Every structure is written in C-alpha cells, then in structure tokens.
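Novice: So here's upload20.tsv, just TSV, C-alpha atoms:
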chain	number	residue	atom	x	y	z
A	3	MET	CA	85.61	-140.15	-7.54
A	4	THR	CA	85.17	-136.41	-7.35
A	5	GLY	CA	81.79	-134.91	-8.18
A	6	LEU	CA	83.23	-133.65	-11.43
A	7	GLU	CA	84.35	-137.14	-12.36
A	8	GLN	CA	80.96	-138.57	-11.44
A	9	ILE	CA	79.15	-136.07	-13.66
A	10	VAL	CA	81.42	-136.87	-16.59
A	11	ALA	CA	80.94	-140.58	-15.95
A	12	GLY	CA	77.19	-140.01	-15.96
A	13	LEU	CA	77.33	-138.26	-19.32
A	14	GLU	CA	79.37	-141.15	-20.70
A	15	ALA	CA	77.06	-143.77	-19.21
A	16	ALA	CA	74.08	-141.97	-20.73
A	17	GLN	CA	75.78	-142.22	-24.13
A	18	VAL	CA	75.95	-138.48	-24.58
A	19	SER	CA	77.98	-137.77	-27.71
A	20	ILE	CA	78.16	-133.97	-27.91
A	21	VAL	CA	78.47	-131.47	-25.05
A	22	ALA	CA	77.86	-127.86	-26.08
A	23	SER	CA	78.91	-125.23	-23.58
A	24	VAL	CA	79.46	-121.63	-22.62
A	25	PRO	CA	81.65	-121.69	-19.51
A	26	ASP	CA	81.53	-119.91	-16.21
A	27	THR	CA	83.93	-120.70	-13.38
A	28	TRP	CA	82.14	-123.88	-12.36
A	29	ILE	CA	81.07	-125.07	-15.82
A	30	GLY	CA	84.58	-124.32	-17.07
A	31	ARG	CA	85.97	-126.72	-14.46
A	32	LEU	CA	83.42	-129.32	-15.46
A	33	MET	CA	84.33	-128.91	-19.13
A	34	THR	CA	87.95	-129.76	-18.35
A	35	GLY	CA	86.66	-133.19	-17.38
A	36	VAL	CA	84.49	-133.38	-20.49
A	37	ARG	CA	87.49	-132.59	-22.67
A	38	ARG	CA	89.48	-135.41	-21.06
A	39	SER	CA	86.82	-137.93	-22.04
A	40	ALA	CA	87.44	-139.94	-25.18
A	41	ARG	CA	83.69	-140.48	-25.56
A	42	LEU	CA	82.42	-136.91	-25.33
A	43	ARG	CA	82.88	-134.23	-27.98
A	44	ALA	CA	83.13	-130.76	-26.44
A	45	VAL	CA	81.71	-127.96	-28.59
A	46	ASP	CA	82.51	-124.42	-27.51
A	47	VAL	CA	79.74	-122.04	-28.52
A	48	ALA	CA	79.47	-118.27	-28.26
A	49	ARG	CA	75.95	-118.02	-26.84
A	50	GLU	CA	73.80	-120.38	-24.85
A	51	GLU	CA	70.97	-120.50	-27.41
A	52	GLU	CA	73.47	-121.98	-29.84
A	53	ALA	CA	74.30	-124.70	-27.36
A	54	VAL	CA	70.65	-125.69	-27.20
A	55	ALA	CA	70.37	-125.90	-30.98
A	56	VAL	CA	73.65	-127.82	-31.31
A	57	ALA	CA	72.45	-130.37	-28.76
A	58	CYS	CA	69.10	-130.68	-30.54
A	59	GLY	CA	70.88	-131.16	-33.85
A	60	ALA	CA	72.97	-133.95	-32.38
A	61	ASN	CA	69.81	-135.59	-31.08
A	62	LEU	CA	68.06	-135.29	-34.44
A	63	ALA	CA	71.08	-136.89	-36.09
A	64	GLY	CA	70.93	-139.94	-33.85
A	65	GLY	CA	73.24	-138.89	-31.04
A	66	ARG	CA	72.67	-137.43	-27.63
A	67	GLY	CA	73.48	-133.80	-26.94
A	68	ALA	CA	73.92	-132.03	-23.63
A	69	VAL	CA	74.11	-128.34	-22.73
A	70	LEU	CA	76.45	-127.08	-20.00
A	71	ILE	CA	75.86	-123.42	-19.13
A	72	GLN	CA	75.41	-120.98	-16.27
A	73	ASN	CA	71.98	-119.92	-15.04
A	74	ALA	CA	72.49	-116.49	-16.64
A	75	GLY	CA	72.70	-118.31	-19.95
A	76	LEU	CA	69.68	-120.45	-19.20
A	77	LEU	CA	67.72	-117.25	-18.67
A	78	ASN	CA	68.72	-116.28	-22.24
A	79	CYS	CA	67.20	-119.46	-23.62
A	80	GLY	CA	63.46	-118.90	-23.25
A	81	GLY	CA	62.93	-118.36	-26.97
A	82	VAL	CA	64.81	-121.37	-28.23
A	83	LEU	CA	63.29	-123.59	-25.56
A	84	ALA	CA	59.79	-122.58	-26.64
A	85	GLY	CA	60.42	-122.34	-30.39
A	86	LEU	CA	62.67	-125.36	-30.88
A	87	VAL	CA	62.82	-127.78	-27.95
A	88	GLU	CA	59.16	-127.62	-26.95
A	89	LEU	CA	57.68	-126.98	-30.40
A	90	TYR	CA	59.45	-129.92	-32.03
A	91	ARG	CA	59.52	-132.07	-28.87
A	92	LEU	CA	63.28	-132.58	-28.86
A	93	PRO	CA	65.29	-134.13	-26.03
A	94	CYS	CA	67.64	-131.57	-24.47
A	95	PHE	CA	69.58	-132.22	-21.27
A	96	PHE	CA	71.02	-129.28	-19.37
A	97	ILE	CA	73.58	-129.05	-16.59
A	98	VAL	CA	73.31	-125.54	-15.24
A	99	SER	CA	75.48	-123.90	-12.62
A	100	LEU	CA	73.14	-122.35	-10.07
A	101	ARG	CA	74.94	-119.14	-9.26
A	102	GLY	CA	73.62	-116.85	-6.59
A	103	ASP	CA	72.02	-119.20	-4.10
A	104	HIS	CA	72.99	-119.29	-0.43
A	105	ARG	CA	76.07	-121.43	-1.19
A	106	ASP	CA	77.53	-118.98	-3.68
A	107	PRO	CA	80.03	-116.55	-2.15
A	108	VAL	CA	79.93	-114.08	-5.06
A	109	TYR	CA	77.44	-111.29	-4.32
A	110	TYR	CA	76.77	-110.21	-7.89
A	111	HIS	CA	75.28	-113.56	-8.80
A	112	ALA	CA	72.48	-113.17	-6.24
A	113	PRO	CA	69.86	-111.64	-8.60
A	114	LYS	CA	70.17	-114.65	-10.92
A	115	GLY	CA	69.95	-117.04	-8.00
A	116	ARG	CA	66.73	-115.42	-6.82
A	117	VAL	CA	64.89	-115.98	-10.11
A	118	THR	CA	66.33	-119.20	-11.55
A	119	GLU	CA	64.06	-121.79	-10.00
A	120	GLU	CA	60.98	-119.58	-10.28
A	121	THR	CA	61.78	-119.13	-13.98
A	122	LEU	CA	62.20	-122.88	-14.46
A	123	ARG	CA	58.78	-123.42	-12.89
A	124	ALA	CA	57.21	-120.65	-14.96
A	125	TRP	CA	58.66	-122.18	-18.13
A	126	ARG	CA	57.45	-125.60	-16.93
A	127	LEU	CA	60.94	-127.04	-17.31
A	128	PRO	CA	61.48	-130.27	-15.37
A	129	TYR	CA	64.50	-129.81	-13.11
A	130	ALA	CA	66.30	-131.03	-10.03
A	131	ARG	CA	69.08	-129.81	-7.80
A	132	ALA	CA	72.02	-132.21	-7.87
A	133	ASP	CA	72.43	-134.13	-4.62
A	134	ARG	CA	76.16	-134.42	-4.03
A	135	HIS	CA	75.60	-136.83	-1.16
A	136	GLY	CA	74.02	-139.25	-3.63
A	137	ASP	CA	75.24	-140.83	-6.86
A	138	LEU	CA	75.83	-137.89	-9.21
A	139	ALA	CA	76.54	-140.13	-12.19
A	140	ALA	CA	73.17	-141.78	-11.75
A	141	GLN	CA	71.44	-138.41	-11.48
A	142	VAL	CA	73.01	-137.30	-14.75
A	143	LYS	CA	72.14	-140.53	-16.53
A	144	GLN	CA	68.59	-140.39	-15.22
A	145	GLY	CA	68.24	-136.80	-16.48
A	146	VAL	CA	69.43	-137.69	-19.96
A	147	GLU	CA	67.11	-140.67	-20.13
A	148	PHE	CA	64.21	-138.53	-18.92
A	149	CYS	CA	64.84	-136.23	-21.90
A	150	VAL	CA	64.92	-139.10	-24.38
A	151	GLU	CA	61.79	-140.74	-23.01
A	152	SER	CA	59.79	-137.53	-22.59
A	153	ARG	CA	61.13	-135.98	-25.81
A	154	GLY	CA	61.76	-132.76	-23.97
A	155	PRO	CA	64.14	-130.87	-21.70
A	156	PHE	CA	65.50	-131.57	-18.23
A	157	VAL	CA	67.70	-129.28	-16.16
A	158	LEU	CA	70.11	-130.49	-13.49
A	159	LEU	CA	71.22	-127.59	-11.32
A	160	ILE	CA	74.69	-127.88	-9.83
A	161	SER	CA	76.76	-125.91	-7.38
A	162	GLY	CA	80.51	-125.50	-7.25
A	163	GLU	CA	80.46	-127.79	-4.21
A	164	ASP	CA	79.07	-130.58	-6.36
A	165	LEU	CA	82.30	-130.73	-8.38
A	166	ALA	CA	84.52	-131.46	-5.38
B	17	MET	CA	69.14	-109.53	-58.54
B	18	THR	CA	67.46	-112.88	-58.99
B	19	ALA	CA	64.21	-113.88	-57.34
B	20	ARG	CA	64.35	-116.42	-54.53
B	21	LYS	CA	62.50	-119.32	-56.10
B	22	PRO	CA	64.80	-120.03	-59.09
B	23	LEU	CA	67.75	-120.07	-56.67
B	24	LEU	CA	65.95	-122.41	-54.29
B	25	ASP	CA	65.00	-124.63	-57.22
B	26	ALA	CA	68.63	-124.73	-58.35
B	27	LEU	CA	69.86	-125.54	-54.85
B	28	VAL	CA	67.40	-128.40	-54.42
B	29	SER	CA	68.33	-129.78	-57.84
B	30	MET	CA	71.95	-130.05	-56.66
B	31	LEU	CA	71.20	-131.95	-53.45
B	32	THR	CA	71.63	-135.69	-53.12
B	33	ALA	CA	70.22	-138.36	-50.86
B	34	ARG	CA	73.38	-138.15	-48.71
B	35	ASP	CA	72.76	-134.51	-47.87
B	36	VAL	CA	70.71	-133.05	-45.04
B	37	LEU	CA	68.83	-129.76	-45.41
B	38	VAL	CA	68.04	-127.47	-42.48
B	39	SER	CA	66.02	-124.33	-43.12
B	40	CYS	CA	65.34	-121.30	-41.00
B	41	LEU	CA	61.82	-120.04	-40.67
B	42	GLY	CA	60.29	-118.08	-43.50
B	43	ALA	CA	59.90	-118.40	-47.23
B	44	ASN	CA	62.35	-121.25	-47.82
B	45	ALA	CA	60.75	-123.35	-45.08
B	46	ARG	CA	57.34	-122.64	-46.58
B	47	TYR	CA	58.36	-123.58	-50.14
B	48	LEU	CA	60.20	-126.80	-49.28
B	49	PRO	CA	57.19	-129.03	-48.48
B	50	HIS	CA	55.95	-128.30	-52.01
B	51	MET	CA	59.23	-129.34	-53.64
B	52	THR	CA	60.76	-132.73	-54.35
B	53	VAL	CA	63.82	-132.72	-52.11
B	54	PRO	CA	66.01	-135.83	-52.31
B	55	CYS	CA	67.33	-135.65	-48.74
B	56	PRO	CA	65.97	-135.29	-45.18
B	57	VAL	CA	64.65	-131.78	-44.47
B	58	PHE	CA	64.24	-130.11	-41.10
B	59	ALA	CA	62.41	-126.83	-41.59
B	60	LEU	CA	61.83	-124.39	-38.76
B	61	CYS	CA	58.70	-122.34	-38.42
B	62	ASP	CA	59.97	-120.41	-35.38
B	63	SER	CA	63.18	-119.95	-33.44
B	64	MET	CA	65.11	-117.38	-35.44
B	65	SER	CA	68.86	-118.03	-35.48
B	66	ALA	CA	68.56	-121.73	-34.70
B	67	ALA	CA	69.13	-123.13	-38.20
B	68	ILE	CA	72.92	-122.90	-38.32
B	69	PRO	CA	73.65	-124.25	-34.82
B	70	LEU	CA	71.07	-126.98	-35.37
B	71	ALA	CA	72.85	-127.92	-38.59
B	72	LEU	CA	76.18	-127.75	-36.78
B	73	GLY	CA	75.02	-130.33	-34.24
B	74	MET	CA	73.90	-132.61	-37.06
B	75	ALA	CA	77.15	-132.17	-38.97
B	76	LEU	CA	79.26	-133.01	-35.94
B	77	GLN	CA	77.12	-136.01	-35.09
B	78	ARG	CA	77.05	-137.36	-38.65
B	79	PRO	CA	80.34	-136.61	-40.43
B	80	ASP	CA	79.28	-139.01	-43.16
B	81	ARG	CA	76.53	-136.62	-44.30
B	82	HIS	CA	76.82	-133.14	-45.80
B	83	VAL	CA	74.56	-130.70	-44.02
B	84	VAL	CA	73.27	-127.60	-45.82
B	85	ALA	CA	71.86	-124.85	-43.64
B	86	LEU	CA	69.63	-122.10	-45.02
B	87	GLU	CA	69.62	-118.92	-42.95
B	88	GLY	CA	68.22	-115.44	-43.50
B	89	ASP	CA	70.02	-112.16	-43.03
B	90	GLY	CA	67.58	-111.06	-40.34
B	91	SER	CA	68.19	-114.22	-38.36
B	92	LEU	CA	71.96	-114.06	-38.72
B	93	LEU	CA	72.05	-110.39	-37.78
B	94	MET	CA	70.44	-111.45	-34.51
B	95	SER	CA	73.24	-113.88	-33.69
B	96	PRO	CA	76.29	-113.45	-35.96
B	97	ASN	CA	78.34	-115.06	-33.20
B	98	VAL	CA	77.34	-118.44	-34.59
B	99	LEU	CA	79.81	-117.96	-37.44
B	100	ALA	CA	82.68	-117.98	-34.95
B	101	THR	CA	81.22	-121.05	-33.28
B	102	VAL	CA	81.13	-122.85	-36.64
B	103	ALA	CA	84.65	-121.73	-37.48
B	104	ALA	CA	85.92	-123.08	-34.16
B	105	ALA	CA	84.16	-126.42	-34.51
B	106	ALA	CA	85.30	-126.57	-38.15
B	107	PRO	CA	83.11	-129.37	-39.52
B	108	PRO	CA	84.12	-130.02	-43.15
B	109	ASN	CA	80.61	-131.22	-43.94
B	110	LEU	CA	78.64	-128.02	-43.29
B	111	THR	CA	77.66	-125.47	-45.91
B	112	MET	CA	75.70	-122.38	-44.88
B	113	LEU	CA	73.63	-120.44	-47.40
B	114	LEU	CA	72.74	-116.96	-46.23
B	115	TRP	CA	69.74	-115.51	-48.08
B	116	VAL	CA	70.09	-111.76	-48.14
B	117	ASN	CA	67.23	-109.45	-49.06
B	118	GLY	CA	67.40	-106.91	-46.24
B	119	ARG	CA	63.93	-107.84	-45.01
B	120	TYR	CA	62.17	-109.70	-42.25
B	121	GLU	CA	60.14	-111.41	-44.92
B	122	SER	CA	58.20	-113.83	-42.75
B	123	SER	CA	56.76	-111.05	-40.61
B	124	GLY	CA	55.64	-108.80	-43.43
B	125	GLY	CA	58.76	-107.58	-45.15
B	126	GLN	CA	59.92	-105.02	-42.63
B	127	ALA	CA	63.39	-103.67	-43.34
B	128	LEU	CA	66.40	-104.79	-41.32
B	129	PRO	CA	68.32	-102.07	-39.47
B	130	ALA	CA	69.63	-99.77	-42.17
B	131	ALA	CA	73.27	-100.78	-42.07
B	132	ALA	CA	75.27	-101.93	-45.07
B	133	VAL	CA	76.47	-105.18	-43.52
B	134	ASP	CA	79.17	-106.86	-45.57
B	135	TRP	CA	78.22	-110.49	-45.06
B	136	VAL	CA	81.21	-111.85	-46.94
B	137	GLU	CA	83.62	-109.88	-44.77
B	138	LEU	CA	81.66	-110.78	-41.64
B	139	GLY	CA	82.03	-114.44	-42.49
B	140	ARG	CA	85.75	-114.12	-43.10
B	141	ALA	CA	86.27	-111.98	-40.02
B	142	SER	CA	84.52	-114.67	-37.98
B	143	GLY	CA	86.97	-117.31	-39.15
B	144	ILE	CA	85.06	-118.88	-42.05
B	145	ARG	CA	87.75	-119.24	-44.66
B	146	HIS	CA	85.61	-120.43	-47.57
B	147	VAL	CA	83.14	-117.64	-48.36
B	148	ALA	CA	81.46	-116.93	-51.68
B	149	SER	CA	78.82	-114.51	-52.89
B	150	VAL	CA	76.30	-115.42	-55.57
B	151	GLY	CA	73.52	-113.48	-57.22
B	152	ASP	CA	72.14	-115.81	-59.85
B	153	VAL	CA	71.58	-119.47	-60.62
B	154	ALA	CA	74.75	-119.90	-62.66
B	155	THR	CA	77.06	-118.68	-59.90
B	156	LEU	CA	75.19	-120.75	-57.32
B	157	ARG	CA	75.74	-123.82	-59.46
B	158	GLU	CA	79.46	-123.09	-59.42
B	159	ALA	CA	79.68	-122.14	-55.76
B	160	LEU	CA	77.95	-125.10	-54.13
B	161	PRO	CA	80.29	-127.82	-55.44
B	162	ARG	CA	83.28	-125.69	-54.39
B	163	ALA	CA	81.79	-125.30	-50.93
B	164	ARG	CA	81.25	-129.04	-50.61
B	165	ALA	CA	84.86	-129.66	-51.58
B	166	ALA	CA	86.32	-126.97	-49.33
B	167	GLY	CA	87.24	-129.37	-46.53
B	168	ALA	CA	86.01	-126.76	-44.07
B	169	PRO	CA	82.73	-125.08	-43.22
B	170	ALA	CA	81.63	-122.82	-46.03
B	171	LEU	CA	79.41	-119.77	-46.31
B	172	ILE	CA	77.60	-118.81	-49.50
B	173	VAL	CA	75.97	-115.40	-49.46
B	174	VAL	CA	72.94	-115.47	-51.75
B	175	GLU	CA	71.72	-112.04	-52.78
B	176	ILE	CA	68.04	-112.18	-53.69
B	177	ALA	CA	65.45	-109.67	-54.78
B	178	PHE	CA	62.68	-108.77	-52.38
B	179	ASP	CA	59.25	-109.03	-53.93
B	180	PRO	CA	56.40	-108.03	-51.63
B	181	ASN	CA	53.98	-109.78	-53.99
B	182	GLU	CA	55.85	-113.10	-54.15
B	183	PRO	CA	53.25	-115.87	-53.78
B	184	ILE	CA	54.95	-117.68	-50.90
B	185	PRO	CA	52.79	-120.59	-49.76
B	186	PRO	CA	51.73	-120.76	-46.11
B	187	TYR	CA	53.29	-123.22	-43.67
B	188	SER	CA	51.81	-126.56	-44.61
B	189	GLU	CA	53.49	-128.95	-42.20
B	190	ARG	CA	53.16	-129.06	-38.45
B	191	PRO	CA	56.30	-129.31	-36.30
B	192	ASP	CA	55.35	-132.80	-35.14
B	193	GLU	CA	55.03	-133.90	-38.76
B	194	ILE	CA	58.42	-132.41	-39.65
B	195	ARG	CA	59.98	-134.08	-36.62
B	196	ALA	CA	58.39	-137.44	-37.35
B	197	ARG	CA	59.46	-137.47	-40.99
B	198	PHE	CA	63.04	-136.42	-40.32
B	199	ARG	CA	65.27	-139.51	-40.32
B	200	LEU	CA	69.01	-139.78	-40.84
Please rewrite the model in this file as structure tokens.
Specialist:
Amino acid sequence: MTGLEQIVAGLEAAQVSIVASVPDTWIGRLMTGVRRSARLRAVDVAREEEAVAVACGANLAGGRGAVLIQNAGLLNCGGVLAGLVELYRLPCFFIVSLRGDHRDPVYYHAPKGRVTEETLRAWRLPYARADRHGDLAAQVKQGVEFCVESRGPFVLLISGEDLA
Amino acid sequence: MTARKPLLDALVSMLTARDVLVSCLGANARYLPHMTVPCPVFALCDSMSAAIPLALGMALQRPDRHVVALEGDGSLLMSPNVLATVAAAAPPNLTMLLWVNGRYESSGGQALPAAAVDWVELGRASGIRHVASVGDVATLREALPRARAAGAPALIVVEIAFDPNEPIPPYSERPDEIRARFRL
C-alpha cells in the first residue's frame, strides 16, 4: 500500500465518518483517496476554522470527525482550538501537511515550517510527525483514539513523502 | 423592528424533540438555559463563527435530525465564507437563523463596521437558494416551516431591534455542563 492508502485505511479503521478539509498540494492528493472511500464523507470547507467546527459537530452527533489541512491553516485555528475544542473538551483529530521543513523543496513555505512545531508546543497540542517507515494506518488510528479517549485534539504532521 | 425575546420564544415554541439547536455566543445562548427547549441544545459562550459549521457537522452526521443554527451578524461578518461551505455540502436538514441588529451585543453593543450588508443577497450569492427575511413573530412562524420543507439548507435573516437596556441574563451554564447534557 502507498502511504496515502495507509492513511485512508487508518481513517476508516478508526471509524472516522466525516473528513473536513481545505487542500494544499499534499492534502489535496490525500483527499483524492478520502473521496474514493465508501466509508468517509469528504466535506470541502472554505476556511480551516470551519473544518474544526464541522469535525467537532460530527463528534457531538455521535460520529468521528477529522480535519485535513496545511500548517498555514492550522496556524489560523488558535481561536477555535481554544474557544471550542479545548473549552468544551471535544475530540478533534488533525492531519496537517508540514510545509517548510527540510524535506520541502518550496522556499516560500519555510517561514511556516520554522514556527509550526513551536506553535503546537505553545498551544499545548499533542502531536507527532508521521513515521513513513512504520505503519501509517496504525498511527492514524492511534491518533483518532487518543482524541476520543482524551476528549481533545491530536495533530499528525505529514510530509509529501509520506503519501508515496 | 421586534425585540429579540419574542422571536426567540416563537422559535423555541416551534421546535420539536427531533430537532437540534446550536447557538452562537451572546444573548440567545444566555437566554436558552432559562427556557424550556424540547430538543438538545449546544450553546457556545466563545468561538465566534463556530455555530454554523458546528451545526453543519451535526447535520451531516445525523440526517435524521433537523439542525437549527443561530448565528449573529457580527459572527457571520467575520466568516461569511461558511455560507458557501454549507451550500456546497447541501444538507437538507440544516436551517440557519441569522440575528441581525448591527451590534456586537455580547461585548457591550459596539456597532459593526458601518456597511449596509444585504444578508439576503449575501446568502443567495453564496449559493443558499432558500433565503427568507423576517422582522416579526408572524413572519417567523411562516418562514420556519418553509425552511424545514425546503429540501436544502435554508437561511432566515431575522431583523431585531437593539436595546442596550435589554435584561439579558448572564451565562448560567459552564461548557462542561453543556457538553455533558448534550445527547443526540
């Protein structure tokens, strides 16, 4: 299986029902796999904060929501993370493309790459970098279950290489 | 223009146990714990602009329930993009009520940016086909059943009077209490 297929399989295995997304190049590729799944409902949103609220709404209604966005969009989400996810203790699983680290060939992403993990730590958001040499499906499933059990967020950072 | 409370009373009187009510922060969220609402209520005390996308997630997850989202004009002006998101997702079981008084009421009644936003046209331009405008209890009582029956997401623009002396109760429920009580 490709990394993309493993991630989609992980979302399915974790019984995710709704995947809300704003695409970038990498997340857009991942969403093509999400859209092929008969078990995942893709929801295209206009801003990343909406994706967070849509996923939380799905969770409140008995499903499991996930948010697929770029790190630029994650940086937009401080308010809704504090005022919705943390305040009401809602599960919210994120897959975030980590643009701008040493593996990213596009120079203009670098400023985002420099601050993403420091921001996650400052916001006290549990997170991990995906390990493409391990079982990506299991990492996704574990992240979703962490959210459900902790009643809070978890961020899995991915690179374009992880989709191969 | 009609005051808020008679319109909120009329709305609540039209809800059923099969509905779900989501409220943005502010006056509506502060009134609701003091009212007898026949359906689950999720009321926000923070997070402007989250009510409609939160309701959208619920509506998509539970197509067997009708979800009613209450949003304020200040919140929607912050993220009008959500109307296009709703139009694209097109859940037939979502009705949005936009309460328009031109004020950030929950923070002291400051005026919104002084632009004459046409909320009905904004809704239509964003792809919401069923849009209505109401200004009193009688028209709200006509508009809500039509919105429910629209077969598509609906937007009802509710024009209300701003009263700086309105005796809005304080927040009386904690977020953990709201979360714990909310069951679908």
Novice: In Å, rounded to a single decimal, give me how far atom CA of A:Arg134 is from atom CA of A:Ile160.
Specialist: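 Atom CA of A:Arg134 lies 8.9 Å from atom CA of A:Ile160.
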Novice: Kindly provide, as an NGL selection string, the residues of chain A having any atom no farther than 7 Å from an atom of chain B, counting only C-alpha atoms.
Specialist: :A and (45-48 or 52 or 55-60 or 62-63 or 65 or 81-82 or 85-86 or 89-90)
Novice: Smallest atom-to-atom distance to A:Arg101: which of A:Ala44, A:Leu70, A:Leu122, A:Leu159, using all atoms listed in the file?
Specialist: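 Once distances to A:Arg101 are computed over all atoms listed in the file, the minimum belongs to A:Leu159.
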Novice: From (73.8, -105.1, -44.6), in the file's coordinates, out to 9 Å: which residues are reached, counting all atoms listed in the file? Answer as an mmCIF file with C-alpha atoms, in the coordinates of the input.
Specialist:
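Once everything was written out, this is selection07.cif:
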data_model
loop_
_atom_site.group_PDB
_atom_site.id
_atom_site.type_symbol
_atom_site.label_atom_id
_atom_site.label_comp_id
_atom_site.auth_asym_id
_atom_site.auth_seq_id
_atom_site.Cartn_x
_atom_site.Cartn_y
_atom_site.Cartn_z
ATOM 1 C CA ASP B 89 70.020 -112.160 -43.030
ATOM 2 C CA LEU B 93 72.050 -110.390 -37.780
ATOM 3 C CA VAL B 116 70.090 -111.760 -48.140
ATOM 4 C CA GLY B 118 67.400 -106.910 -46.240
ATOM 5 C CA LEU B 128 66.400 -104.790 -41.320
ATOM 6 C CA PRO B 129 68.320 -102.070 -39.470
ATOM 7 C CA ALA B 130 69.630 -99.770 -42.170
ATOM 8 C CA ALA B 131 73.270 -100.780 -42.070
ATOM 9 C CA ALA B 132 75.270 -101.930 -45.070
ATOM 10 C CA VAL B 133 76.470 -105.180 -43.520
ATOM 11 C CA ASP B 134 79.170 -106.860 -45.570
ATOM 12 C CA TRP B 135 78.220 -110.490 -45.060
#
Novice: Interatomic distance between atom CA of A:His104 and atom CA of A:Thr118?
Specialist: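 Atom-to-atom, atom CA of A:His104 and atom CA of A:Thr118 are spaced 13.0 Å apart.
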Novice: Which neighbours of B:Ala163 fall inside 8 Å, counting all atoms listed in the file, when residues of the same chain fewer than 3 positions from it are skipped, and could you give them as a ChimeraX atom specification?
Specialist: /B:111,146,159-160,166,169-172
